[in-house]
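Enquirer: Structure supplied as coords-v7.cif; contents: mmCIF, C-alpha atoms.
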data_final
loop_
_atom_site.label_atom_id
_atom_site.label_comp_id
_atom_site.auth_asym_id
_atom_site.auth_seq_id
_atom_site.Cartn_x
_atom_site.Cartn_y
_atom_site.Cartn_z
CA MET A 1 104.67 62.91 140.27
CA SER A 2 104.39 66.70 140.27
CA LYS A 3 105.87 68.83 143.00
CA GLN A 4 103.51 70.24 145.66
CA ILE A 5 103.38 73.67 147.32
CA THR A 6 100.81 74.25 150.06
CA SER A 7 101.99 77.43 151.83
CA ILE A 8 101.61 81.02 150.72
CA GLN A 9 104.82 81.72 152.66
CA ASN A 10 106.79 79.66 150.16
CA SER A 11 109.51 81.86 148.60
CA TYR A 12 108.58 80.87 145.04
CA ILE A 13 104.93 81.72 145.63
CA LYS A 14 105.95 85.09 147.04
CA GLN A 15 107.94 85.68 143.85
CA LEU A 16 104.89 84.85 141.73
CA VAL A 17 102.73 87.25 143.74
CA GLN A 18 105.23 89.97 142.84
CA LEU A 19 104.95 89.00 139.17
CA LYS A 20 101.19 89.31 139.39
CA ASP A 21 101.18 92.64 141.17
CA LYS A 22 104.27 94.52 139.97
CA SER A 23 105.00 95.64 136.42
CA ARG A 24 108.58 96.30 137.51
CA GLU A 25 109.04 92.64 138.46
CA ARG A 26 107.62 91.47 135.15
CA ARG A 27 110.00 93.70 133.22
CA LYS A 28 113.01 92.74 135.32
CA SER A 29 112.46 88.99 135.14
CA GLY A 30 110.97 88.74 131.66
CA LEU A 31 108.24 86.54 133.14
CA PHE A 32 104.52 86.93 133.73
CA LEU A 33 101.52 84.94 134.92
CA ILE A 34 98.79 83.44 132.75
CA GLU A 35 95.54 82.35 134.35
CA GLY A 36 92.81 80.14 132.88
CA VAL A 37 92.56 77.26 130.43
CA ARG A 38 91.57 79.33 127.39
CA GLU A 39 94.25 81.92 127.99
CA LEU A 40 96.91 79.27 128.54
CA SER A 41 95.85 77.39 125.40
CA LEU A 42 96.04 80.58 123.32
CA ALA A 43 99.49 81.38 124.73
CA VAL A 44 100.73 77.93 123.73
CA LYS A 45 99.19 78.36 120.26
CA GLY A 46 100.79 81.80 120.02
CA GLY A 47 104.25 80.35 120.59
CA TYR A 48 104.82 81.56 124.13
CA GLN A 49 107.40 79.62 126.11
CA LEU A 50 106.07 78.30 129.41
CA ASP A 51 108.34 78.03 132.41
CA THR A 52 106.04 76.36 134.97
CA VAL A 53 102.38 75.38 135.24
CA LEU A 54 100.66 75.42 138.62
CA PHE A 55 97.32 73.74 139.22
CA TYR A 56 94.76 73.21 141.97
CA PRO A 57 93.72 69.55 141.61
CA ASP A 58 90.18 70.05 142.92
CA LEU A 59 89.45 72.11 139.80
CA ILE A 60 91.67 70.56 137.14
CA SER A 61 93.67 67.38 136.89
CA GLU A 62 97.26 66.88 135.83
CA SER A 63 96.13 64.76 132.89
CA GLU A 64 93.79 67.52 131.67
CA ILE A 65 96.68 69.99 131.71
CA LYS A 66 98.86 67.63 129.69
CA ASP A 67 96.22 67.69 126.97
CA PHE A 68 97.27 71.20 125.97
CA VAL A 69 100.80 71.79 127.34
CA ASN A 70 104.04 70.02 126.59
CA SER A 71 104.63 67.05 128.89
CA THR A 72 108.13 68.33 129.66
CA ILE A 73 106.81 71.50 131.34
CA ASN A 74 107.46 71.70 135.07
CA LEU A 75 104.15 71.04 136.91
CA ILE A 76 103.42 72.12 140.48
CA GLU A 77 100.33 71.08 142.41
CA ILE A 78 99.16 73.88 144.72
CA SER A 79 96.70 74.15 147.60
CA LYS A 80 93.47 76.13 147.55
CA GLU A 81 95.10 78.82 149.71
CA VAL A 82 98.01 79.21 147.30
CA TYR A 83 95.71 79.21 144.27
CA GLU A 84 93.51 81.93 145.75
CA LYS A 85 96.63 83.99 146.54
CA LEU A 86 97.85 83.82 142.95
CA ALA A 87 94.56 83.94 141.04
CA TYR A 88 93.53 87.33 139.68
CA ARG A 89 89.97 86.27 138.99
CA ASP A 90 87.41 84.84 141.37
CA THR A 91 86.22 82.09 139.06
CA THR A 92 88.79 80.31 136.93
CA GLU A 93 89.62 76.75 136.10
CA GLY A 94 92.35 76.14 138.64
CA VAL A 95 95.41 76.56 136.42
CA LEU A 96 98.10 79.23 136.18
CA ALA A 97 101.35 79.34 134.26
CA VAL A 98 104.59 81.26 134.43
CA ALA A 99 105.52 82.32 130.87
CA LYS A 100 108.35 84.19 129.21
CA SER A 101 107.60 87.59 127.74
CA LYS A 102 108.08 88.28 124.04
CA ILE A 103 109.83 91.22 122.44
CA HIS A 104 107.30 93.56 120.81
CA ASN A 105 109.16 95.74 118.32
CA PHE A 106 108.67 96.49 114.64
CA GLU A 107 111.18 93.85 113.60
CA THR A 108 108.89 91.13 114.99
CA LEU A 109 105.96 92.14 112.75
CA LYS A 110 105.46 89.89 109.73
CA PHE A 111 102.84 90.86 107.16
CA HIS A 112 101.51 88.11 104.93
CA THR A 113 99.66 90.47 102.62
CA LYS A 114 100.57 93.51 100.55
CA THR A 115 97.60 95.41 102.03
CA PRO A 116 97.94 95.02 105.81
CA LEU A 117 95.25 96.33 108.14
CA ILE A 118 96.71 97.67 111.38
CA LEU A 119 95.07 99.05 114.50
CA VAL A 120 97.11 101.72 116.29
CA ALA A 121 96.25 103.05 119.74
CA GLU A 122 98.04 106.05 121.19
CA ALA A 123 98.74 106.11 124.93
CA PRO A 124 95.88 103.91 126.15
CA GLU A 125 95.89 104.07 129.94
CA LYS A 126 93.23 101.64 131.15
CA PRO A 127 94.22 97.97 130.95
CA GLY A 128 90.58 97.12 130.29
CA ASN A 129 90.54 99.32 127.19
CA ILE A 130 93.79 97.80 125.93
CA GLY A 131 92.36 94.34 126.41
CA ALA A 132 89.17 95.30 124.58
CA LEU A 133 91.17 96.75 121.68
CA LEU A 134 93.16 93.52 121.40
CA ARG A 135 89.94 91.50 121.46
CA THR A 136 88.51 93.70 118.70
CA ALA A 137 91.64 93.32 116.59
CA ASP A 138 91.51 89.55 116.97
CA ALA A 139 87.83 89.47 116.01
CA ALA A 140 88.64 91.37 112.83
CA ASN A 141 91.80 89.31 112.21
CA ALA A 142 93.81 92.53 111.91
CA ASP A 143 97.37 92.08 110.73
CA ALA A 144 98.85 93.85 113.73
CA VAL A 145 98.18 96.04 116.74
CA ILE A 146 100.65 98.81 117.50
CA ILE A 147 100.54 100.69 120.79
CA ALA A 148 102.12 104.13 120.92
CA ASN A 149 103.56 105.35 124.22
CA PRO A 150 101.92 102.56 126.28
CA LYS A 151 100.95 103.42 129.86
CA ALA A 152 100.64 99.78 130.98
CA ASP A 153 102.73 96.72 130.19
CA LEU A 154 101.11 94.13 127.94
CA TYR A 155 101.33 91.40 130.56
CA ASN A 156 99.29 93.22 133.17
CA PRO A 157 96.84 90.56 134.47
CA ASN A 158 93.87 92.80 133.68
CA ILE A 159 94.97 93.15 130.05
CA ILE A 160 95.25 89.38 129.73
CA ARG A 161 91.84 88.96 131.39
CA SER A 162 89.99 91.67 129.46
CA SER A 163 91.52 90.55 126.15
CA VAL A 164 90.36 86.97 126.92
CA GLY A 165 93.82 85.88 125.84
CA CYS A 166 93.91 87.93 122.63
CA VAL A 167 97.16 89.48 123.83
CA PHE A 168 98.58 86.12 122.69
CA THR A 169 96.77 85.91 119.34
CA ASN A 170 97.64 89.32 117.87
CA GLN A 171 100.89 90.52 116.39
CA ILE A 172 101.76 93.42 118.70
CA ALA A 173 104.42 96.10 118.61
CA THR A 174 105.02 99.10 120.84
CA GLY A 175 106.97 102.28 120.29
CA THR A 176 106.88 106.04 120.37
CA THR A 177 104.43 107.96 118.22
CA GLU A 178 107.31 109.25 116.09
CA ASP A 179 108.82 105.81 115.55
CA ILE A 180 105.46 104.29 114.61
CA ILE A 181 104.72 107.04 112.11
CA SER A 182 108.16 106.49 110.58
CA PHE A 183 107.50 102.72 110.36
CA LEU A 184 104.10 103.20 108.72
CA SER A 185 105.40 105.79 106.27
CA SER A 186 108.41 103.69 105.27
CA ASN A 187 106.05 100.79 104.53
CA ASN A 188 103.65 103.00 102.51
CA ILE A 189 100.78 102.38 104.91
CA ASN A 190 98.01 105.00 104.86
CA ILE A 191 97.28 106.61 108.22
CA TYR A 192 93.63 107.25 109.09
CA CYS A 193 93.27 109.14 112.36
CA ALA A 194 90.03 109.12 114.32
CA ALA A 195 89.73 112.81 115.14
CA LEU A 196 87.28 115.70 115.15
CA GLN A 197 89.52 118.15 113.31
CA ALA A 198 89.43 118.34 109.50
CA SER A 199 87.70 114.98 109.35
CA VAL A 200 85.37 113.23 106.94
CA ASP A 201 82.89 110.42 107.58
CA TYR A 202 84.81 107.19 107.96
CA HIS A 203 82.78 105.22 105.43
CA THR A 204 83.78 107.58 102.59
CA GLN A 205 87.40 106.37 102.63
CA ASP A 206 89.07 103.49 100.81
CA PHE A 207 90.46 101.07 103.37
CA THR A 208 91.33 98.35 100.87
CA LYS A 209 94.86 99.70 100.50
CA PRO A 210 97.54 99.30 103.22
CA THR A 211 95.79 100.91 106.18
CA ALA A 212 96.48 101.94 109.74
CA ILE A 213 93.47 103.03 111.76
CA VAL A 214 94.65 105.20 114.64
CA VAL A 215 92.66 105.92 117.80
CA GLY A 216 93.51 108.02 120.82
CA THR A 217 92.27 108.28 124.36
CA GLU A 218 88.68 109.22 125.08
CA ALA A 219 89.82 112.16 127.22
CA THR A 220 92.34 113.88 124.95
CA GLY A 221 92.16 112.19 121.55
CA LEU A 222 95.25 111.97 119.37
CA SER A 223 98.34 114.12 119.68
CA ASP A 224 99.09 116.80 117.10
CA THR A 225 101.95 114.69 115.72
CA TRP A 226 99.50 112.07 114.47
CA LEU A 227 97.19 114.68 112.98
CA GLN A 228 100.10 116.28 111.12
CA HIS A 229 100.98 112.98 109.47
CA SER A 230 97.48 111.71 108.81
CA THR A 231 96.52 110.59 105.33
CA GLN A 232 92.98 111.61 106.29
CA ASN A 233 91.23 112.27 109.57
CA ILE A 234 88.01 110.29 109.92
CA ILE A 235 84.98 110.59 112.16
CA ILE A 236 82.04 108.41 113.16
CA PRO A 237 78.86 110.52 112.79
CA MET A 238 77.29 110.78 116.24
CA GLN A 239 73.49 110.92 116.24
CA GLY A 240 72.70 111.13 119.94
CA GLU A 241 73.37 113.66 122.66
CA ILE A 242 76.99 112.75 123.41
CA ASP A 243 79.95 113.38 121.12
CA SER A 244 82.20 110.43 121.88
CA MET A 245 82.19 106.69 122.58
CA ASN A 246 84.43 104.10 124.18
CA VAL A 247 87.69 103.79 122.28
CA SER A 248 87.35 100.04 121.70
CA VAL A 249 83.80 100.50 120.36
CA ALA A 250 85.00 103.21 117.99
CA ALA A 251 87.92 101.05 116.88
CA GLY A 252 85.55 98.17 116.24
CA ILE A 253 83.31 100.26 114.00
CA LEU A 254 86.25 101.55 111.99
CA ILE A 255 88.15 98.31 111.60
CA PHE A 256 85.07 96.35 110.60
CA GLU A 257 84.26 98.95 107.95
CA ALA A 258 87.71 98.20 106.56
CA LYS A 259 86.94 94.48 106.72
CA ARG A 260 83.58 95.04 104.97
CA GLN A 261 85.34 96.89 102.14
CA ARG A 262 87.72 93.96 101.88
CA ASN A 263 84.83 91.49 101.70
CA PHE A 264 85.89 90.22 105.13
CA LYS A 265 89.05 88.70 103.70
#
Starting from the coordinates I provided, produce the structure as structure tokens.
Expert:
Amino acid sequence: MSKQITSIQNSYIKQLVQLKDKSRERRKSGLFLIEGVRELSLAVKGGYQLDTVLFYPDLISESEIKDFVNSTINLIEISKEVYEKLAYRDTTEGVLAVAKSKIHNFETLKFHTKTPLILVAEAPEKPGNIGALLRTADAANADAVIIANPKADLYNPNIIRSSVGCVFTNQIATGTTEDIISFLSSNNINIYCAALQASVDYHTQDFTKPTAIVVGTEATGLSDTWLQHSTQNIIIPMQGEIDSMNVSVAAGILIFEAKRQRNFK
């Protein structure tokens, strides 16, 4: 029989609300919240360690949860009021989990090919853009995503939501711009920077070799440090009235050109 919590004044529920709302609490505790069946399933598949699973029985049963989580996981049945207090989204399947964060450094990256394809994003600020970049990288089956100078922590609920759980399916590392450039250079990975300066059309380049495609923010682009270490700056020819596009759209165009050159392997 699972434990039950029905009050939003419960001390544990208050702690979980802090995990949902405060990046500081997530960093301090090493825990974060996952919401939704698909997201939870992907986290389990991605090797994330679950601490507790909470469920609202009017939307999902205990037996359904045990279909995709280990039977030894601590289960807590919660009331509608508690579920609505913890849920980030209006319409989900009635299940949340408390999970342990992973370490995201260069040592955790494992490449299973001699020609890795990596997506690098410098200083993305909007969680929705980070989530979209992770979703794009998953769709292309990129070997890794590296985030330089991140402005939001990876376990922000909006990143998990907008990535539709792809924060759990990608290999991810974070670091400073300088450290990432050093990592790429030491591994002989070509650096292709999406930039206006000294650039050539993206489709003219050979992305079949070890490749990092680097994108910056829509407002300021990439820092000079990236441009100074670029193998080649690349540009997407714009044929309309505006001169830029959403960073995740641009990343998708570039990374799928690399996949096309690789025969989608």
Enquirer: Could you work out an axis-aligned bounding box for all listed atoms of range 87-94 of chain A, with 4 Å added on each of the six sides, and give its centre and edge lengths in Å to one decimal, as AutoDock Vina command-line options?
Expert:
--center_x 90.4 --center_y 81.7 --center_z 138.7 --size_x 16.3 --size_y 19.2 --size_z 13.3
Enquirer: Give me the residues within 10 Å of Ile65 in chain A as a PyMOL selection string, counting all atoms listed in the file and dropping any in the same chain fewer than 6 places off.
Expert: chain A and resi 37+40-41+53-55+71+75+95
Enquirer: Run the PyMOL selection byres ((chain A and resi 161) around 12) on the file and write out the hits as a VMD selection string.
Expert: chain A and resid 33 to 40 87 to 92 127 to 132 134 to 135 154 to 160 162 to 168
Enquirer: Of the candidates A:Ser23, A:Thr113, A:Ser7, A:Thr220, which shows the shortest atom-to-atom distance to Tyr83 in chain A, using all atoms listed in the file?
Expert: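 The answer is A:Ser7, which sits nearest to Tyr83 in chain A.
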Enquirer: Nearest to Lys102 in chain A among A:Leu222, A:Ile172, A:Met245, A:Ala123, with distances taken over all atoms listed in the file: which residue is it?
Expert: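 Among the listed residues, the smallest separation from Lys102 in chain A belongs to A:Ile172.
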Enquirer: To verify the selection step, state as a short mmCIF file (atom, residue, chain, number, x, y, z; two decimals) with C-alpha atoms, in the frame of the given file which residues the PyMOL selection byres ((chain A and resi 206) around 10) yields on this input.
Expert:
data_model
loop_
_atom_site.label_atom_id
_atom_site.label_comp_id
_atom_site.auth_asym_id
_atom_site.auth_seq_id
_atom_site.Cartn_x
_atom_site.Cartn_y
_atom_site.Cartn_z
CA ASN A 190 98.01 105.00 104.86
CA TYR A 202 84.81 107.19 107.96
CA HIS A 203 82.78 105.22 105.43
CA THR A 204 83.78 107.58 102.59
CA GLN A 205 87.40 106.37 102.63
CA PHE A 207 90.46 101.07 103.37
CA THR A 208 91.33 98.35 100.87
CA LYS A 209 94.86 99.70 100.50
CA PRO A 210 97.54 99.30 103.22
CA THR A 211 95.79 100.91 106.18
CA GLU A 257 84.26 98.95 107.95
CA ALA A 258 87.71 98.20 106.56
CA GLN A 261 85.34 96.89 102.14
CA ARG A 262 87.72 93.96 101.88
#
Enquirer: In terms of the shortest atom-to-atom distance over only C-alpha atoms, which of A:Val214, A:Leu254, A:Phe106, A:Thr169 is closest to Ser186 in chain A?
Expert: A:Phe106
Enquirer: Might you pull out every residue within 7 Å of range 56-62 of chain A, with all atoms listed in the file counted and same-chain residues fewer than 4 positions away left off, and present them as a list of chain:residue names?
Expert: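 Near range 56-62 of chain A, the qualifying residues are A:Lys66, A:Glu77, A:Ile78, A:Ser79, A:Lys80, A:Tyr83, A:Glu93, A:Gly94, A:Val95.
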Enquirer: Measure the distance from CA of Val215 in chain A to CA of Ala194 in chain A in Å and round it to one decimal.
Expert: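 Atom-to-atom, CA of Val215 in chain A to CA of Ala194 in chain A, that is 5.4 Å.
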Enquirer: Excluding Ala152 in chain A and residues on its chain fewer than 5 positions from it, collect all residues at most 8 Å away from it, counting only C-alpha atoms, and give them as a list in words.
Expert: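 Contacts, in chain order: Pro124, Glu125, Lys126 and Pro127 of chain A.
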Enquirer: Find the residue from A:Ala250, A:Asp243, A:Leu119, A:Gly221 that sits nearest to Ile191 in chain A; use only C-alpha atoms when measuring.
Expert: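 Closest to Ile191 in chain A of all the choices is A:Leu119.
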Enquirer: Nearest to Gln197 in chain A: which of A:Ile76, A:Ile146, A:Ile234, A:Leu86 is it, counting all atoms listed in the file?
Expert: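 Using all atoms listed in the file, Gln197 in chain A sits closest to A:Ile234.
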Enquirer: Using all atoms listed in the file, can you tell me which of A:Asn70, A:Ser199, A:Thr6, A:Ser63 comes closest to Ser230 in chain A?
Expert: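 Among A:Asn70, A:Ser199, A:Thr6, A:Ser63, it is A:Ser199 that comes nearest to Ser230 in chain A.
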Enquirer: May I have the protein, DNA and RNA residues with any atom at most 9 Å from the point (106.8, 87.4, 128.7), counting all atoms listed in the file, written as a ChimeraX atom specification?
Expert: /A:26-27,29-33,48-49,98-103,154-155
Enquirer: Using the chain letters and numbers from the file, which residues does the PyMOL selection byres ((chain A and resi 142) around 8) grab, as number ranges by chain?
Expert: A: 116-119, 137-141, 143-145, 170
Enquirer: I need the residues from that last selection saved to file as a short mmCIF file (atom, residue, chain, number, x, y, z; two decimals), keeping the file's coordinate frame (with C-alpha atoms), if you can.
Expert:
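Listed below is the output, result-v4.cif:
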data_model
loop_
_atom_site.label_atom_id
_atom_site.label_comp_id
_atom_site.auth_asym_id
_atom_site.auth_seq_id
_atom_site.Cartn_x
_atom_site.Cartn_y
_atom_site.Cartn_z
CA PRO A 116 97.94 95.02 105.81
CA LEU A 117 95.25 96.33 108.14
CA ILE A 118 96.71 97.67 111.38
CA LEU A 119 95.07 99.05 114.50
CA ALA A 137 91.64 93.32 116.59
CA ASP A 138 91.51 89.55 116.97
CA ALA A 139 87.83 89.47 116.01
CA ALA A 140 88.64 91.37 112.83
CA ASN A 141 91.80 89.31 112.21
CA ASP A 143 97.37 92.08 110.73
CA ALA A 144 98.85 93.85 113.73
CA VAL A 145 98.18 96.04 116.74
CA ASN A 170 97.64 89.32 117.87
#
Enquirer: I'd like the contact shell of Asp224 in chain A - 12 Å cut-off, all atoms listed in the file, skipping same-chain residues fewer than 4 positions apart - returned as a list of chain:residue names.
Expert: A:Glu122, A:Thr177, A:Glu178, A:Cys193, A:Ala195, A:Gln197, A:Gly216, A:Thr220, A:Gln228, A:His229, A:Ser230, A:Asn233
Enquirer: Enter the distance from CA of Lys110 in chain A to CA of Arg260 in chain A, in Å, rounded to one decimal.
Expert: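 A separation of 23.0 Å between them.
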Enquirer: Using Å and a single decimal, report how far CA of Leu133 in chain A sits from CA of Ser244 in chain A.
Expert: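 These two atoms are separated by 16.4 Å.
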Enquirer: Since the input is missing atoms for range 212-236 of chain A, could you rebuild it with N, CA, C and O atoms and give the result as a PDB file, keeping the file's coordinate frame?
Expert:
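Once everything was written out, this is selection13.pdb:
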ATOM      1  N   ALA A 212      96.377 101.889 108.285  1.00  0.00           N
ATOM      2  CA  ALA A 212      96.480 101.940 109.740  1.00  0.00           C
ATOM      3  C   ALA A 212      95.353 102.824 110.260  1.00  0.00           C
ATOM      4  O   ALA A 212      95.222 103.980 109.843  1.00  0.00           O
ATOM      5  N   ILE A 213      94.529 102.258 111.113  1.00  0.00           N
ATOM      6  CA  ILE A 213      93.470 103.030 111.760  1.00  0.00           C
ATOM      7  C   ILE A 213      93.969 103.407 113.150  1.00  0.00           C
ATOM      8  O   ILE A 213      94.332 102.528 113.948  1.00  0.00           O
ATOM      9  N   VAL A 214      94.004 104.698 113.427  1.00  0.00           N
ATOM     10  CA  VAL A 214      94.650 105.200 114.640  1.00  0.00           C
ATOM     11  C   VAL A 214      93.617 105.827 115.565  1.00  0.00           C
ATOM     12  O   VAL A 214      92.850 106.708 115.148  1.00  0.00           O
ATOM     13  N   VAL A 215      93.587 105.371 116.807  1.00  0.00           N
ATOM     14  CA  VAL A 215      92.660 105.920 117.800  1.00  0.00           C
ATOM     15  C   VAL A 215      93.443 106.424 119.002  1.00  0.00           C
ATOM     16  O   VAL A 215      94.517 105.920 119.327  1.00  0.00           O
ATOM     17  N   GLY A 216      92.866 107.450 119.643  1.00  0.00           N
ATOM     18  CA  GLY A 216      93.510 108.020 120.820  1.00  0.00           C
ATOM     19  C   GLY A 216      92.685 107.757 122.066  1.00  0.00           C
ATOM     20  O   GLY A 216      91.763 106.946 122.072  1.00  0.00           O
ATOM     21  N   THR A 217      93.013 108.463 123.124  1.00  0.00           N
ATOM     22  CA  THR A 217      92.270 108.280 124.360  1.00  0.00           C
ATOM     23  C   THR A 217      90.939 109.026 124.284  1.00  0.00           C
ATOM     24  O   THR A 217      90.794 109.995 123.525  1.00  0.00           O
ATOM     25  N   GLU A 218      89.983 108.570 125.071  1.00  0.00           N
ATOM     26  CA  GLU A 218      88.680 109.220 125.080  1.00  0.00           C
ATOM     27  C   GLU A 218      88.762 110.636 125.649  1.00  0.00           C
ATOM     28  O   GLU A 218      87.999 111.524 125.277  1.00  0.00           O
ATOM     29  N   ALA A 219      89.714 110.854 126.548  1.00  0.00           N
ATOM     30  CA  ALA A 219      89.820 112.160 127.220  1.00  0.00           C
ATOM     31  C   ALA A 219      90.472 113.221 126.354  1.00  0.00           C
ATOM     32  O   ALA A 219      89.989 114.346 126.258  1.00  0.00           O
ATOM     33  N   THR A 220      91.567 112.866 125.673  1.00  0.00           N
ATOM     34  CA  THR A 220      92.340 113.880 124.950  1.00  0.00           C
ATOM     35  C   THR A 220      92.462 113.629 123.455  1.00  0.00           C
ATOM     36  O   THR A 220      92.953 114.491 122.723  1.00  0.00           O
ATOM     37  N   GLY A 221      92.039 112.473 122.975  1.00  0.00           N
ATOM     38  CA  GLY A 221      92.160 112.190 121.550  1.00  0.00           C
ATOM     39  C   GLY A 221      93.611 111.960 121.155  1.00  0.00           C
ATOM     40  O   GLY A 221      94.452 111.602 121.976  1.00  0.00           O
ATOM     41  N   LEU A 222      93.900 112.198 119.887  1.00  0.00           N
ATOM     42  CA  LEU A 222      95.250 111.970 119.370  1.00  0.00           C
ATOM     43  C   LEU A 222      96.115 113.215 119.486  1.00  0.00           C
ATOM     44  O   LEU A 222      95.621 114.346 119.434  1.00  0.00           O
ATOM     45  N   SER A 223      97.407 112.997 119.610  1.00  0.00           N
ATOM     46  CA  SER A 223      98.340 114.120 119.680  1.00  0.00           C
ATOM     47  C   SER A 223      98.455 114.788 118.314  1.00  0.00           C
ATOM     48  O   SER A 223      98.125 114.215 117.271  1.00  0.00           O
ATOM     49  N   ASP A 224      98.946 116.030 118.337  1.00  0.00           N
ATOM     50  CA  ASP A 224      99.090 116.800 117.100  1.00  0.00           C
ATOM     51  C   ASP A 224     100.026 116.102 116.102  1.00  0.00           C
ATOM     52  O   ASP A 224      99.853 116.248 114.885  1.00  0.00           O
ATOM     53  N   THR A 225     101.002 115.366 116.611  1.00  0.00           N
ATOM     54  CA  THR A 225     101.950 114.690 115.720  1.00  0.00           C
ATOM     55  C   THR A 225     101.234 113.721 114.786  1.00  0.00           C
ATOM     56  O   THR A 225     101.531 113.662 113.586  1.00  0.00           O
ATOM     57  N   TRP A 226     100.271 112.976 115.329  1.00  0.00           N
ATOM     58  CA  TRP A 226      99.500 112.070 114.470  1.00  0.00           C
ATOM     59  C   TRP A 226      98.689 112.848 113.446  1.00  0.00           C
ATOM     60  O   TRP A 226      98.655 112.492 112.262  1.00  0.00           O
ATOM     61  N   LEU A 227      98.055 113.918 113.883  1.00  0.00           N
ATOM     62  CA  LEU A 227      97.190 114.680 112.980  1.00  0.00           C
ATOM     63  C   LEU A 227      98.002 115.323 111.851  1.00  0.00           C
ATOM     64  O   LEU A 227      97.505 115.464 110.733  1.00  0.00           O
ATOM     65  N   GLN A 228      99.249 115.666 112.149  1.00  0.00           N
ATOM     66  CA  GLN A 228     100.100 116.280 111.120  1.00  0.00           C
ATOM     67  C   GLN A 228     100.541 115.273 110.057  1.00  0.00           C
ATOM     68  O   GLN A 228     100.897 115.651 108.941  1.00  0.00           O
ATOM     69  N   HIS A 229     100.517 114.005 110.398  1.00  0.00           N
ATOM     70  CA  HIS A 229     100.980 112.980 109.470  1.00  0.00           C
ATOM     71  C   HIS A 229      99.837 112.101 108.949  1.00  0.00           C
ATOM     72  O   HIS A 229     100.082 111.091 108.284  1.00  0.00           O
ATOM     73  N   SER A 230      98.634 112.506 109.208  1.00  0.00           N
ATOM     74  CA  SER A 230      97.480 111.710 108.810  1.00  0.00           C
ATOM     75  C   SER A 230      97.249 111.771 107.305  1.00  0.00           C
ATOM     76  O   SER A 230      97.342 112.839 106.695  1.00  0.00           O
ATOM     77  N   THR A 231      96.968 110.613 106.721  1.00  0.00           N
ATOM     78  CA  THR A 231      96.520 110.590 105.330  1.00  0.00           C
ATOM     79  C   THR A 231      95.168 111.279 105.236  1.00  0.00           C
ATOM     80  O   THR A 231      94.918 112.082 104.324  1.00  0.00           O
ATOM     81  N   GLN A 232      94.289 110.971 106.190  1.00  0.00           N
ATOM     82  CA  GLN A 232      92.980 111.610 106.290  1.00  0.00           C
ATOM     83  C   GLN A 232      92.444 111.378 107.700  1.00  0.00           C
ATOM     84  O   GLN A 232      92.510 110.268 108.213  1.00  0.00           O
ATOM     85  N   ASN A 233      91.926 112.430 108.302  1.00  0.00           N
ATOM     86  CA  ASN A 233      91.230 112.270 109.570  1.00  0.00           C
ATOM     87  C   ASN A 233      89.806 111.784 109.301  1.00  0.00           C
ATOM     88  O   ASN A 233      89.161 112.239 108.345  1.00  0.00           O
ATOM     89  N   ILE A 234      89.343 110.866 110.125  1.00  0.00           N
ATOM     90  CA  ILE A 234      88.010 110.290 109.920  1.00  0.00           C
ATOM     91  C   ILE A 234      87.186 110.420 111.202  1.00  0.00           C
ATOM     92  O   ILE A 234      87.729 110.518 112.304  1.00  0.00           O
ATOM     93  N   ILE A 235      85.883 110.414 111.032  1.00  0.00           N
ATOM     94  CA  ILE A 235      84.980 110.590 112.160  1.00  0.00           C
ATOM     95  C   ILE A 235      83.783 109.654 112.013  1.00  0.00           C
ATOM     96  O   ILE A 235      83.359 109.340 110.893  1.00  0.00           O
ATOM     97  N   ILE A 236      83.285 109.194 113.129  1.00  0.00           N
ATOM     98  CA  ILE A 236      82.040 108.410 113.160  1.00  0.00           C
ATOM     99  C   ILE A 236      80.908 109.378 113.447  1.00  0.00           C
ATOM    100  O   ILE A 236      80.912 110.033 114.499  1.00  0.00           O
TER     101      ILE A 236
END
